[in-house]
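Listing of run-v2.txt, compact mmCIF, C-alpha atoms and all ligand atoms
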# COMPACT_ATOMS: atom_id res chain seq x y z
CA MET C 24 48.11 -36.56 88.76
CA LYS C 25 45.68 -34.75 90.99
CA PHE C 26 43.01 -36.37 93.14
CA ARG C 27 39.98 -36.40 90.85
CA THR C 28 42.03 -37.62 87.91
CA LYS C 29 43.56 -40.38 90.02
CA SER C 30 40.16 -41.53 91.28
CA ILE C 31 39.01 -42.00 87.68
CA HIS C 32 42.23 -43.20 86.01
CA ALA C 33 44.66 -44.74 88.53
CA GLY C 34 44.82 -48.52 88.08
CA GLN C 35 42.10 -48.28 85.44
CA GLY C 36 42.18 -47.92 81.68
CA PRO C 37 40.79 -49.55 78.58
CA GLU C 38 41.13 -53.30 78.98
CA ALA C 39 43.45 -55.09 76.54
CA LEU C 40 41.17 -57.72 74.99
CA TYR C 41 38.14 -55.69 73.77
CA GLY C 42 39.02 -52.18 74.92
CA ALA C 43 36.31 -52.06 77.60
CA VAL C 44 36.68 -48.58 79.12
CA MET C 45 35.32 -49.72 82.48
CA THR C 46 37.31 -52.41 84.30
CA PRO C 47 35.40 -55.69 83.78
CA ILE C 48 34.29 -57.91 86.65
CA TYR C 49 36.63 -60.89 86.36
CA GLN C 50 34.22 -63.27 88.07
CA THR C 51 36.52 -66.27 88.09
CA SER C 52 38.20 -68.22 90.86
CA THR C 53 41.03 -69.50 88.71
CA PHE C 54 43.09 -68.61 85.62
CA ALA C 55 44.56 -70.96 83.00
CA PHE C 56 48.35 -71.39 83.16
CA ASN C 57 50.25 -70.93 79.89
CA SER C 58 52.17 -74.09 80.85
CA PRO C 59 52.79 -75.85 84.20
CA ASP C 60 55.75 -73.62 84.98
CA ASP C 61 54.28 -70.39 83.53
CA PRO C 62 51.19 -69.20 85.40
CA GLY C 63 50.87 -65.78 83.74
CA GLU C 64 50.08 -62.70 85.84
CA PHE C 65 47.11 -64.26 87.67
CA ASP C 66 46.66 -67.85 88.77
CA TYR C 67 44.00 -67.92 91.51
CA SER C 68 41.68 -65.15 92.76
CA ARG C 69 42.75 -65.34 96.40
CA SER C 70 46.29 -64.50 95.28
CA GLY C 71 45.19 -61.86 92.78
CA ASN C 72 42.35 -60.82 90.49
CA PRO C 73 42.40 -58.12 87.77
CA THR C 74 39.32 -56.25 89.08
CA ARG C 75 40.81 -56.21 92.57
CA LYS C 76 44.19 -55.12 91.22
CA ALA C 77 42.62 -52.07 89.53
CA LEU C 78 40.95 -51.02 92.78
CA GLU C 79 44.08 -51.65 94.87
CA GLU C 80 46.21 -49.51 92.53
CA CYS C 81 43.62 -46.73 92.64
CA LEU C 82 43.46 -46.88 96.46
CA ALA C 83 47.27 -46.71 96.72
CA ALA C 84 47.34 -43.67 94.40
CA LEU C 85 44.64 -41.84 96.37
CA GLU C 86 46.59 -42.26 99.62
CA ASN C 87 49.95 -41.39 98.02
CA GLY C 88 51.20 -44.86 98.90
CA THR C 89 53.09 -47.36 96.79
CA ARG C 90 50.80 -50.36 97.35
CA GLY C 91 47.19 -50.84 98.35
CA PHE C 92 45.42 -53.99 99.51
CA THR C 93 41.69 -54.67 99.79
CA PHE C 94 39.88 -56.97 102.19
CA ALA C 95 36.44 -58.50 102.69
CA THR C 96 35.57 -55.84 105.31
CA GLY C 97 37.23 -53.06 107.26
CA MET C 98 37.62 -55.44 110.19
CA ALA C 99 39.29 -58.00 107.90
CA ALA C 100 41.79 -55.28 106.94
CA THR C 101 42.52 -54.47 110.59
CA ALA C 102 42.69 -58.14 111.60
CA THR C 103 45.11 -58.87 108.74
CA CYS C 104 47.25 -55.91 109.78
CA MET C 105 47.39 -57.25 113.35
CA MET C 106 48.82 -60.54 112.04
CA LEU C 107 52.05 -58.60 111.41
CA TYR C 108 52.58 -58.86 115.19
CA GLY C 109 52.93 -61.81 117.53
CA THR C 110 53.58 -63.22 120.99
CA GLY C 111 55.53 -60.90 123.23
CA ASP C 112 54.78 -57.78 121.22
CA HIS C 113 53.16 -54.74 122.80
CA ILE C 114 50.80 -52.53 120.86
CA ILE C 115 49.29 -49.19 121.79
CA VAL C 116 45.71 -48.51 120.72
CA SER C 117 43.83 -45.22 120.83
CA ASP C 118 41.60 -45.28 123.89
CA GLU C 119 38.88 -43.92 121.64
CA CYS C 120 38.45 -46.23 118.72
CA TYR C 121 35.78 -47.76 116.53
CA GLY C 122 33.71 -50.26 118.57
CA GLY C 123 34.64 -53.21 116.34
CA THR C 124 38.34 -52.33 116.61
CA TYR C 125 38.02 -52.24 120.39
CA ARG C 126 36.39 -55.69 120.36
CA LEU C 127 39.06 -57.13 118.04
CA MET C 128 41.89 -55.77 120.19
CA MET C 129 40.43 -56.60 123.62
CA ASP C 130 38.67 -59.92 122.95
CA ILE C 131 40.92 -61.48 120.29
CA ILE C 132 44.36 -59.91 119.81
CA LYS C 133 44.93 -59.64 123.58
CA ASN C 134 44.34 -63.40 123.93
CA LYS C 135 47.03 -64.21 121.36
CA GLY C 136 49.99 -63.26 123.53
CA ILE C 137 50.07 -59.66 122.29
CA GLU C 138 49.83 -57.03 124.97
CA VAL C 139 47.29 -54.34 124.09
CA GLU C 140 47.42 -51.03 125.95
CA LEU C 141 44.79 -48.32 125.54
CA VAL C 142 46.34 -44.84 125.63
CA ASP C 143 44.89 -41.34 125.27
CA LEU C 144 46.74 -40.27 122.13
CA ASN C 145 46.08 -36.60 122.87
CA ASP C 146 48.50 -36.95 125.78
CA LEU C 147 51.85 -37.17 123.97
CA GLU C 148 53.81 -37.51 127.22
CA ALA C 149 51.70 -40.50 128.24
CA LEU C 150 52.22 -41.99 124.79
CA ASP C 151 55.98 -41.50 124.97
CA ALA C 152 56.05 -43.09 128.43
CA ALA C 153 53.98 -46.07 127.25
CA ILE C 154 56.44 -47.04 124.50
CA ARG C 155 58.84 -49.82 125.50
CA PRO C 156 61.33 -52.04 123.66
CA GLU C 157 58.56 -54.58 122.82
CA THR C 158 56.25 -51.91 121.40
CA LYS C 159 55.59 -52.58 117.73
CA LEU C 160 52.56 -50.52 116.73
CA ILE C 161 50.48 -47.46 117.60
CA TRP C 162 46.90 -47.71 116.28
CA ILE C 163 45.36 -44.28 115.71
CA GLU C 164 42.01 -42.83 114.65
CA SER C 165 41.50 -39.16 113.80
CA PRO C 166 38.84 -37.85 114.10
CA THR C 167 37.85 -40.37 116.75
CA ASN C 168 34.52 -42.14 116.52
CA PRO C 169 32.08 -40.91 117.74
CA LEU C 170 33.54 -38.06 119.83
CA MET C 171 35.37 -36.31 116.98
CA LYS C 172 38.63 -35.69 118.86
CA ILE C 173 41.58 -34.86 116.63
CA VAL C 174 44.92 -36.62 117.14
CA ASP C 175 48.19 -34.98 116.04
CA LEU C 176 49.36 -37.49 113.41
CA GLU C 177 52.68 -35.82 112.60
CA ALA C 178 53.66 -35.54 116.28
CA ILE C 179 52.87 -39.22 116.91
CA ALA C 180 54.71 -40.31 113.74
CA THR C 181 57.79 -38.39 114.94
CA ILE C 182 57.73 -40.01 118.39
CA ALA C 183 57.17 -43.49 116.88
CA GLN C 184 59.86 -43.16 114.20
CA ALA C 185 62.48 -42.22 116.79
CA LYS C 186 61.74 -45.50 118.58
CA GLY C 187 61.27 -47.73 115.54
CA VAL C 188 57.56 -48.30 116.18
CA HIS C 189 54.98 -48.65 113.38
CA THR C 190 52.05 -46.26 113.21
CA ALA C 191 48.69 -47.06 111.62
CA VAL C 192 45.80 -44.65 111.06
CA ASP C 193 42.18 -45.66 110.54
CA ASN C 194 41.39 -42.96 107.95
CA THR C 195 37.79 -44.05 107.34
CA PHE C 196 36.10 -40.82 108.46
CA LEU C 197 38.00 -38.29 106.35
CA SER C 198 38.72 -40.54 103.37
CA PRO C 199 41.86 -39.93 101.27
CA TYR C 200 40.16 -36.85 99.83
CA PHE C 201 40.55 -34.89 103.07
CA GLN C 202 43.52 -36.55 104.81
CA ASN C 203 46.62 -38.50 103.73
CA PRO C 204 48.37 -39.91 106.82
CA LEU C 205 51.30 -41.38 104.83
CA ASP C 206 52.31 -37.82 103.87
CA LEU C 207 52.55 -37.03 107.60
CA GLY C 208 54.99 -39.89 108.30
CA ILE C 209 52.46 -42.61 109.20
CA ASP C 210 53.37 -46.17 108.05
CA ILE C 211 50.00 -47.82 107.43
CA VAL C 212 46.62 -46.36 106.43
CA MET C 213 43.50 -48.43 107.03
CA HIS C 214 40.05 -47.77 105.55
CA SER C 215 36.63 -49.19 106.01
CA MET C 216 35.88 -48.73 102.30
CA THR C 217 32.30 -49.60 103.23
CA LYS C 218 31.94 -45.93 104.18
CA TYR C 219 32.95 -42.86 102.15
CA ILE C 220 35.23 -44.57 99.60
CA ASN C 221 32.41 -46.73 98.24
CA GLY C 222 29.83 -44.18 99.34
CA HIS C 223 26.66 -45.99 98.31
CA SER C 224 26.02 -48.31 101.27
CA ASP C 225 25.90 -51.39 99.05
CA VAL C 226 29.26 -53.07 99.80
CA VAL C 227 31.35 -53.95 102.86
CA MET C 228 35.10 -53.76 102.20
CA GLY C 229 38.38 -52.77 103.84
CA GLY C 230 41.72 -51.44 102.67
CA LEU C 231 45.34 -51.02 103.76
CA VAL C 232 47.89 -48.74 102.08
CA VAL C 233 51.63 -48.45 102.72
CA LYS C 234 54.69 -46.77 101.20
CA ASP C 235 57.40 -49.12 102.44
CA ALA C 236 58.17 -52.00 100.04
CA GLU C 237 59.04 -54.54 102.74
CA LEU C 238 55.90 -53.82 104.72
CA ALA C 239 53.92 -54.13 101.47
CA GLU C 240 55.40 -57.59 100.83
CA ARG C 241 54.51 -58.73 104.34
CA ILE C 242 50.92 -57.49 103.97
CA TYR C 243 50.58 -59.14 100.55
CA PHE C 244 51.81 -62.41 102.06
CA LEU C 245 49.18 -62.16 104.82
CA GLN C 246 46.34 -61.20 102.44
CA ASN C 247 47.04 -64.31 100.38
CA ALA C 248 47.87 -66.65 103.27
CA LEU C 249 44.87 -65.62 105.39
CA GLY C 250 42.50 -65.32 102.43
CA THR C 251 40.90 -62.11 103.71
CA CYS C 252 40.45 -60.55 100.24
CA PRO C 253 37.15 -59.31 98.72
CA GLY C 254 35.45 -60.71 95.61
CA PRO C 255 35.62 -59.10 92.14
CA GLN C 256 31.97 -57.96 92.03
CA ASP C 257 32.46 -55.87 95.16
CA CYS C 258 35.71 -54.45 93.78
CA PHE C 259 33.83 -53.35 90.66
CA LEU C 260 31.19 -51.57 92.76
CA VAL C 261 33.80 -49.77 94.86
CA LEU C 262 35.71 -48.73 91.71
CA ARG C 263 32.46 -47.22 90.46
CA GLY C 264 31.90 -45.44 93.78
CA VAL C 265 35.41 -44.07 94.13
CA LYS C 266 35.17 -42.11 90.87
CA THR C 267 32.88 -39.57 92.56
CA LEU C 268 34.63 -39.51 95.95
CA ALA C 269 35.82 -35.90 95.55
CA LEU C 270 32.39 -34.60 94.54
CA ARG C 271 30.66 -36.51 97.30
CA MET C 272 33.08 -35.40 100.03
CA GLU C 273 32.59 -31.73 99.11
CA ALA C 274 28.81 -32.20 99.34
CA HIS C 275 29.05 -34.15 102.63
CA GLN C 276 31.25 -31.41 104.08
CA GLU C 277 28.89 -28.60 103.07
CA ASN C 278 25.72 -30.32 104.31
CA GLY C 279 27.37 -31.60 107.50
CA LEU C 280 28.63 -28.18 108.52
CA ALA C 281 25.24 -26.57 107.79
CA ILE C 282 23.47 -29.06 110.05
CA ALA C 283 26.15 -28.76 112.74
CA LYS C 284 25.68 -24.97 112.80
CA PHE C 285 21.90 -25.31 112.89
CA LEU C 286 22.09 -27.75 115.82
CA GLU C 287 24.62 -25.65 117.71
CA ALA C 288 22.17 -22.72 117.69
CA HIS C 289 19.18 -24.88 118.70
CA PRO C 290 18.00 -24.65 122.36
CA LYS C 291 17.30 -28.40 122.58
CA ILE C 292 20.89 -29.33 121.71
CA GLU C 293 23.43 -29.27 124.54
CA LYS C 294 26.62 -29.49 122.51
CA VAL C 295 27.84 -30.27 118.99
CA LEU C 296 31.13 -32.10 118.32
CA HIS C 297 32.26 -31.09 114.82
CA PRO C 298 35.89 -30.15 114.04
CA GLY C 299 34.77 -27.51 111.53
CA LEU C 300 32.98 -25.43 114.17
CA GLU C 301 34.72 -22.50 115.89
CA SER C 302 33.72 -24.14 119.19
CA HIS C 303 35.79 -27.31 118.53
CA PRO C 304 38.91 -27.10 120.74
CA GLN C 305 41.12 -28.77 118.11
CA ARG C 306 39.85 -26.91 115.05
CA GLU C 307 43.35 -25.55 114.27
CA LEU C 308 45.01 -28.97 114.47
CA GLN C 309 42.38 -30.37 112.11
CA ARG C 310 42.99 -27.48 109.66
CA LYS C 311 46.74 -28.21 109.83
CA GLN C 312 46.62 -31.92 109.00
CA ALA C 313 43.40 -32.31 107.00
CA ARG C 314 41.92 -30.49 104.03
CA GLY C 315 38.31 -30.59 105.24
CA ASP C 316 35.64 -32.34 107.28
CA CYS C 317 33.40 -35.25 106.42
CA GLY C 318 29.63 -35.29 106.93
CA THR C 319 29.75 -37.40 110.10
CA PHE C 320 29.68 -35.81 113.55
CA SER C 321 28.02 -36.14 116.94
CA PHE C 322 25.95 -34.06 119.33
CA TYR C 323 24.38 -34.22 122.79
CA ILE C 324 20.64 -33.70 122.91
CA SER C 325 18.66 -32.46 125.91
CA ASN C 326 16.24 -34.70 127.84
CA GLY C 327 18.61 -37.71 127.99
CA ILE C 328 17.78 -41.02 126.35
CA LYS C 329 14.13 -39.93 125.92
CA GLY C 330 15.26 -36.92 123.91
CA ALA C 331 17.56 -39.09 121.81
CA HIS C 332 14.85 -41.66 121.07
CA ALA C 333 12.26 -38.95 120.29
CA LEU C 334 14.55 -37.29 117.76
CA LEU C 335 15.42 -40.55 116.02
CA ALA C 336 11.78 -41.65 115.90
CA ASN C 337 10.57 -38.39 114.35
CA LEU C 338 13.15 -37.80 111.62
CA THR C 339 11.87 -38.97 108.24
CA LEU C 340 14.94 -38.54 106.01
CA PHE C 341 17.43 -40.12 108.45
CA PRO C 342 16.95 -43.90 108.81
CA GLN C 343 18.20 -45.23 112.15
CA ALA C 344 21.14 -47.30 111.03
CA VAL C 345 24.75 -48.00 111.90
CA SER C 346 27.39 -47.18 109.26
CA LEU C 347 28.14 -43.84 107.65
CA GLY C 348 29.53 -42.26 104.53
CA GLY C 349 26.79 -43.15 102.06
CA VAL C 350 25.02 -40.64 99.80
CA GLU C 351 21.93 -41.03 102.00
CA SER C 352 21.75 -39.55 105.49
CA LEU C 353 21.73 -41.92 108.49
CA ILE C 354 21.45 -41.37 112.22
CA GLU C 355 22.35 -43.59 115.16
CA HIS C 356 22.55 -43.83 118.93
CA PRO C 357 26.12 -44.98 119.80
CA TRP C 358 25.11 -46.02 123.34
CA SER C 359 22.74 -48.70 122.06
CA MET C 360 23.99 -49.26 118.50
CA THR C 361 27.60 -48.86 117.28
CA HIS C 362 29.34 -48.96 120.67
CA VAL C 363 27.23 -51.56 122.41
CA ALA C 364 30.14 -54.06 122.17
CA MET C 365 32.05 -51.85 124.62
CA PRO C 366 31.44 -52.39 128.37
CA GLU C 367 29.06 -49.79 129.85
CA SER C 368 31.75 -48.44 132.18
CA ALA C 369 34.17 -47.97 129.25
CA ARG C 370 31.47 -46.15 127.25
CA ILE C 371 30.71 -43.77 130.11
CA GLU C 372 34.40 -43.14 130.74
CA MET C 373 34.85 -42.23 127.07
CA GLY C 374 31.86 -39.86 127.01
CA ILE C 375 29.58 -42.15 125.04
CA VAL C 376 26.54 -41.40 127.19
CA GLU C 377 22.84 -41.93 126.67
CA ASN C 378 22.09 -38.53 125.08
CA LEU C 379 24.87 -38.73 122.47
CA ILE C 380 23.75 -39.02 118.84
CA ARG C 381 25.91 -39.56 115.74
CA VAL C 382 24.71 -38.43 112.35
CA SER C 383 26.08 -39.20 108.89
CA VAL C 384 24.84 -36.36 106.72
CA GLY C 385 24.25 -37.38 103.13
CA ILE C 386 24.23 -35.34 99.95
CA GLU C 387 20.48 -34.62 99.75
CA ASP C 388 19.21 -31.02 99.40
CA ILE C 389 20.16 -29.21 102.59
CA GLU C 390 16.79 -27.39 102.85
CA ASP C 391 15.01 -30.75 103.18
CA LEU C 392 17.46 -32.06 105.77
CA LEU C 393 17.22 -28.91 107.90
CA ALA C 394 13.40 -28.90 107.74
CA ASP C 395 13.38 -32.55 108.86
CA PHE C 396 15.53 -31.74 111.92
CA GLU C 397 13.50 -28.64 112.71
CA ALA C 398 10.26 -30.64 112.72
CA ALA C 399 11.67 -33.65 114.61
CA LEU C 400 13.16 -31.45 117.34
CA THR C 401 9.68 -30.13 118.25
CA HIS C 402 8.98 -33.68 119.61
CA VAL C 403 12.01 -33.69 121.92
C1 LIG F 501 32.96 -49.17 109.88
C2 LIG F 501 34.27 -48.86 110.46
C3 LIG F 501 35.24 -49.85 110.63
C4 LIG F 501 34.98 -51.31 110.28
O1 LIG F 501 34.73 -51.50 108.94
P1 LIG F 501 33.75 -52.67 108.36
O2 LIG F 501 33.82 -52.42 106.89
O3 LIG F 501 32.41 -52.43 108.96
O4 LIG F 501 34.32 -53.96 108.79
C5 LIG F 501 36.46 -49.48 111.15
N1 LIG F 501 36.72 -48.21 111.49
C6 LIG F 501 35.81 -47.22 111.36
C7 LIG F 501 36.16 -45.84 111.76
C8 LIG F 501 34.56 -47.51 110.82
O5 LIG F 501 33.65 -46.54 110.72
Same coordinates, now as structure tokens:
Amino acid sequence: MKFRTKSIHAGQGPEALYGAVMTPIYQTSTFAFNSPDDPGEFDYSRSGNPTRKALEECLAALENGTRGFTFATGMAATATCMMLYGTGDHIIVSDECYGGTYRLMMDIIKNKGIEVELVDLNDLEALDAAIRPETKLIWIESPTNPLMKIVDLEAIATIAQAKGVHTAVDNTFLSPYFQNPLDLGIDIVMHSMTKYINGHSDVVMGGLVVKDAELAERIYFLQNALGTCPGPQDCFLVLRGVKTLALRMEAHQENGLAIAKFLEAHPKIEKVLHPGLESHPQRELQRKQARGDCGTFSFYISNGIKGAHALLANLTLFPQAVSLGGVESLIEHPWSMTHVAMPESARIEMGIVENLIRVSVGIEDIEDLLADFEAALTHV
């Protein structure tokens, strides 16, 4: 099956009892056993729930994996994944990662006897040198958030496989519509399904997808033992959202690129970071491993923090909000919003400076979005 068909049919189908075409919300904590030694397929909603199962099967199909797992949030997915590792293990984390991932790794995982090392994953020699016998995992993001650097997933998978190290990719930005890391040799795909997969900014949820059966069993054990799963109502909403993922991603890509080109030509913008632009140094790598670009990207505005604040204050169609990937446009200031959990020195070292702005371009009419930017930029 192809992508759009999978997003509408995988894991879903008329339900057996009444033939409901849409997967019902099985809003129940527990399920009656047939007899004390025969629980039936479901027994308790932490261990499994039919609405969640439909979504997990759909997610696995979209990422070309064998099993998918959903979690209360993206961070719950990442935290559950980290429970695969323990005292004495060494893990390598992209030195440019989502702010919440950075906080989880540096403030929690590091204090549990796991050594966390931040590495620039664009430097493959440095990565190779950082791997040691205790290394168990390389945690990757591509494109990186918010600087839109592209990491060579196939090259890293090859290096890791030769040394028996797991690789995990946070695929939130591109969604399975534009990038499938498992096809490039990656072991684990993580999603904040809060973003493009749900696409309507009304649910927080996370996901993990794998191909390997043993890894799948270990993740299932953790999902049940830790109790990090989502509820059935949220699974229903995400199942509804995922059906239009392909259509939405095409619209996000088109609008995002149009705004990126407009900004790149504007005298009040210093630089635009968008992997679809000719000016992006890793445009070719992105074209090689991904099928397109999402609607989220970043840019540097002139006039420092004053310029950034003036733009945000004068846009009318772009609420100032963290998060991304919804049908509505959003704009944010990483320095003071999404990346504030990161120490100031680490932000500056990464390039997250005061005049950096990240935008999540929605699927509104492009003429209205461009006019809004044009007008707001006169105040900068
Ligand atoms: C939002 C986000 C997360 C965390 O997901 P939550 O659903 O907010 O917990 C992780 N990675 C990336 C790239 C994100 O954008």
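Proximity ranking of C:Lys234, C:Arg75, C:Arg69, C:Arg370 relative to Leu249 (chain C) places C:Arg69 first, based on only C-alpha atoms.
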Spatial neighbours of Thr93 (chain C), 9 Å, only C-alpha atoms, chain gap at least 2 places, as a VMD selection string: chain C and resid 75 to 76 78 to 79 82 91 95 to 97 100 216 228 to 232 246 251 to 253 258
Emit as JSON the padded axis-aligned box for all listed atoms of region 104-120 of chain C, 4 Å per side, with centre and edge lengths in Å to one decimal.
{"center_x": 47.0, "center_y": -53.6, "center_z": 116.8, "size_x": 25.1, "size_y": 27.3, "size_z": 22.1}
From the set C:Ala333, C:Ile371, C:Ala153, C:Val265, which residue has the shortest atom-to-atom contact distance to His402 (chain C), counting all atoms listed in the file?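 Of C:Ala333, C:Ile371, C:Ala153, C:Val265, the one nearest His402 (chain C), counting all atoms listed in the file, is C:Ala333.
If you measure from each of C:Thr51, C:Asn87, C:Ser117, C:Ser68 to ligand LIG 501 (chain F) using all atoms listed in the file, the closest one turns out to be C:Ser117.
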Which of these residues is nearest to Ser215 (chain C), using only C-alpha atoms: C:Phe94, C:Phe56, C:Trp162, C:Phe65?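 Answer, going by the shortest atom-to-atom distance: C:Phe94.
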Residues at most 10 Å from ligand LIG 501 (chain F), using all atoms listed in the file? Could they come as a PyMOL selection string? chain C and resi 94-102+120-125+164-169+192-197+213-219+226-230+319+345-348+361
One decimal, Å: what's the distance from CA of Ser198 (chain C) over to CA of Ala281 (chain C), could you say?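 Going from CA of Ser198 (chain C) over to CA of Ala281 (chain C), I get 19.9 Å.
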Mind giving me the straight-line distance from CA of Gly299 (chain C) to CA of Ile380 (chain C) in Å, one decimal?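 Taking CA of Gly299 (chain C) as the start and CA of Ile380 (chain C) as the end point, the length is 17.5 Å.
Taking CA of Gly88 (chain C) and CA of Ile114 (chain C) as endpoints, the distance between them is 23.3 Å.
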Which polymer residues have any atom within 9 Å of an atom of Glu138 (chain C), counting all atoms listed in the file, with same-chain residues fewer than 4 positions away left out, as a VMD selection string? chain C and resid 110 to 115 132 to 134 158
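Among the candidates C:Pro304, C:Gly254, C:Gly315, C:Pro298, the residue lying nearest to Ser70 (chain C) is C:Gly254 (atoms considered: only C-alpha atoms).
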Kindly extract all protein, DNA and RNA residues lying within 10 Å of the coordinates (19.0, -33.7, 120.2) given in the file, considering only C-alpha atoms, and supply them as a ChimeraX atom specification. /C:286,289-295,321-335,378-380,396,399-400,403
Among the residues C:Ala39, C:Leu392, C:Val363, C:Met106, the one that comes closest to Glu351 (chain C) [using all atoms listed in the file]: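 Answer, going by the shortest atom-to-atom distance: C:Leu392.
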Would it be fine to have region 241-248 of chain C, with all heavy atoms, given as a CSV table (one decimal), in the first residue's frame?
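Contents of the output file decode_35.csv:
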chain,number,residue,atom,x,y,z
C,241,ARG,N,11.0,-5.4,23.8
C,241,ARG,CA,11.5,-4.7,24.9
C,241,ARG,C,10.8,-3.3,25.1
C,241,ARG,O,10.5,-2.9,26.2
C,241,ARG,CB,13.0,-4.4,24.7
C,241,ARG,CG,13.8,-5.7,24.9
C,241,ARG,CD,15.3,-5.6,24.5
C,241,ARG,NE,16.0,-4.7,25.4
C,241,ARG,CZ,17.1,-4.1,25.0
C,241,ARG,NH1,17.7,-4.3,23.9
C,241,ARG,NH2,17.7,-3.2,25.9
C,242,ILE,N,10.4,-2.7,24.0
C,242,ILE,CA,9.7,-1.4,24.1
C,242,ILE,C,8.3,-1.6,24.6
C,242,ILE,O,7.8,-0.9,25.4
C,242,ILE,CB,9.7,-0.6,22.8
C,242,ILE,CG1,11.2,-0.2,22.5
C,242,ILE,CG2,8.8,0.6,22.8
C,242,ILE,CD1,11.4,0.4,21.1
C,243,TYR,N,7.7,-2.7,24.1
C,243,TYR,CA,6.3,-3.0,24.6
C,243,TYR,C,6.3,-3.3,26.1
C,243,TYR,O,5.5,-2.8,26.9
C,243,TYR,CB,5.7,-4.2,23.9
C,243,TYR,CG,4.3,-4.5,24.6
C,243,TYR,CD1,3.3,-3.6,24.4
C,243,TYR,CD2,4.2,-5.6,25.4
C,243,TYR,CE1,2.1,-3.8,25.1
C,243,TYR,CE2,3.0,-5.8,26.1
C,243,TYR,CZ,2.0,-4.9,26.0
C,243,TYR,OH,0.8,-5.1,26.7
C,244,PHE,N,7.3,-4.0,26.6
C,244,PHE,CA,7.5,-4.3,28.0
C,244,PHE,C,7.6,-3.0,28.8
C,244,PHE,O,6.9,-2.8,29.8
C,244,PHE,CB,8.7,-5.2,28.3
C,244,PHE,CG,9.0,-5.3,29.7
C,244,PHE,CD1,8.3,-6.3,30.5
C,244,PHE,CD2,9.9,-4.5,30.4
C,244,PHE,CE1,8.5,-6.5,31.8
C,244,PHE,CE2,10.1,-4.7,31.8
C,244,PHE,CZ,9.4,-5.7,32.5
C,245,LEU,N,8.4,-2.0,28.3
C,245,LEU,CA,8.6,-0.8,29.0
C,245,LEU,C,7.3,0.1,29.0
C,245,LEU,O,6.9,0.7,30.0
C,245,LEU,CB,9.7,0.0,28.3
C,245,LEU,CG,11.1,-0.5,28.6
C,245,LEU,CD1,12.2,0.2,27.7
C,245,LEU,CD2,11.5,-0.5,30.0
C,246,GLN,N,6.6,0.1,27.8
C,246,GLN,CA,5.4,0.9,27.7
C,246,GLN,C,4.4,0.5,28.8
C,246,GLN,O,3.7,1.3,29.4
C,246,GLN,CB,4.8,0.8,26.3
C,246,GLN,CG,3.6,1.6,26.0
C,246,GLN,CD,2.8,1.1,24.8
C,246,GLN,OE1,2.7,-0.1,24.6
C,246,GLN,NE2,2.3,2.1,24.0
C,247,ASN,N,4.3,-0.8,28.9
C,247,ASN,CA,3.3,-1.4,29.9
C,247,ASN,C,3.8,-1.2,31.3
C,247,ASN,O,3.1,-0.8,32.2
C,247,ASN,CB,3.1,-2.9,29.6
C,247,ASN,CG,2.0,-3.5,30.5
C,247,ASN,OD1,1.0,-2.8,30.8
C,247,ASN,ND2,2.3,-4.7,30.9
C,248,ALA,N,5.1,-1.5,31.5
C,248,ALA,CA,5.7,-1.5,32.9
C,248,ALA,C,5.7,0.0,33.4
C,248,ALA,O,5.5,0.2,34.6
C,248,ALA,CB,7.0,-2.1,32.9
